[in-house]
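Asker: Would you mind keeping the following structure in view while I ask a few things?
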Amino acid sequence: KPAFTADRLIAFARLHPVEFAPGARFAWSNTNIVLLGRVIAEVTGTPFGDVLEQRILRPLGLDHTRYPGASADLGQPGWRGVTDQGRPPWQTVDATDWNPSWAAEAGALISNLDDLHRWAVALATGEGVLDPDAQAGRIASLTTVPGSPELRYGLGLRSLSGWLGHTGEFPGYGAEIGYNPRTGTTVVVLTNSDVAGLRTNPAPAVFRADRKSTRLNSSHG
């Protein structure tokens, strides 16, 4: 059975009409992010993974972060990932070797705690990535998500009660990073399970608990 690659994801999306007009409301879409990655490759004439390496990973010193393409090799040391996706109730499966290519530019990245700690600051402040005007535009783009008054989302950036960052969810794994510009505090959460408990995945649940208990003058992962 062929893997559900990003190309197949795009082809599937083209079979359906758009859900709403651009700017009318908010909904997360992996497909839109994948398409953005294809635009980057087309405009630069360079594969997306190479652009990412040249313009983001290398300048920021993210030496343990890489874009794996269709390879499921996490490298060592690495966690085994557990998921319940596609399984009967109360059953899990090892998802470590699942092909990541379906996520592509929308989330097929491998990293570690130290790199994500550095990336959390860069993502929230734009330091080393964007000029001040572009960063100001990203902050200005943050808009309250309907039904979630403490959550705002903008151009690739999320604000949760003032914590700027993002989540990352993949079968068997979860991540959430956040940086509080008021206190200079960074929180990074990594989990080797995406099995939802109490209707939320582990990484976001731990992050929300941790940010409330973290001392405001501390910085940790």
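Please note that chains go A, B, ... in the order of the structure tokens, that every chain numbers its residues from 1, and that ligands are numbered from 1 in the order shown.
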Any idea what's packed within 9 Å of Trp102 of chain A, counting only C-alpha atoms, ignoring anything in its chain fewer than 4 positions away? Could you give it as a PyMOL selection string?
Answerer: chain A and resi 3-9+70+106+108
Asker: Taking the DSSP assignment computed from this structure's backbone, write out as a list in words all residues of segment 85-177 of chain A that belong to helix (DSSP H, G or I).
Answerer: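 Answer for segment 85-177 of chain A, restricted to helix (DSSP H, G or I): Ala104, Glu105, Ala106, Leu113, Asp114, Asp115, Leu116, His117, Arg118, Trp119, Ala120, Val121, Ala122, Leu123, Ala124, Thr125, Pro132, Asp133, Ala134, Gln135, Ala136, Gly137, Arg138, Ile139 and Ala140 of chain A.
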Asker: Check the smallest atom-to-atom distance from each of A:Gly49, A:Gly78, A:Gly165, A:Gly174 to Val187 of chain A using only C-alpha atoms, then report the winner.
Answerer: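 Of A:Gly49, A:Gly78, A:Gly165, A:Gly174, the one nearest Val187 of chain A is A:Gly165, counting only C-alpha atoms.
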Asker: Give me, as CSV, each residue of segment 54-142 of chain A that comes within 9 Å of segment 26-33 of chain A, together with its shortest interatomic pair and the distance in Å at one decimal, counting only C-alpha atoms, with rows ordered by chain and rising residue number.
Answerer:
residue,atom,partner,partner_atom,distance
A:Ala103,CA,A:Asn30,CA,7.2
A:Ala104,CA,A:Ile33,CA,8.9
A:Glu105,CA,A:Ile33,CA,6.4
A:Ala106,CA,A:Ile33,CA,5.2
A:Gly107,CA,A:Asn30,CA,8.3
Asker: May I ask which of the residues A:Ile56, A:Leu130, A:Ala21, A:Ala124 is the closest one to Arg182 of chain A, counting only C-alpha atoms?
Answerer: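 Among the listed residues, A:Ala124 lies closest to Arg182 of chain A.
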Asker: Of the residues A:Pro17, A:Pro47, A:Gly61, A:Gly156, which is the one nearest to Leu116 of chain A, using only C-alpha atoms?
Answerer: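 Closest to Leu116 of chain A, using only C-alpha atoms: A:Gly61.
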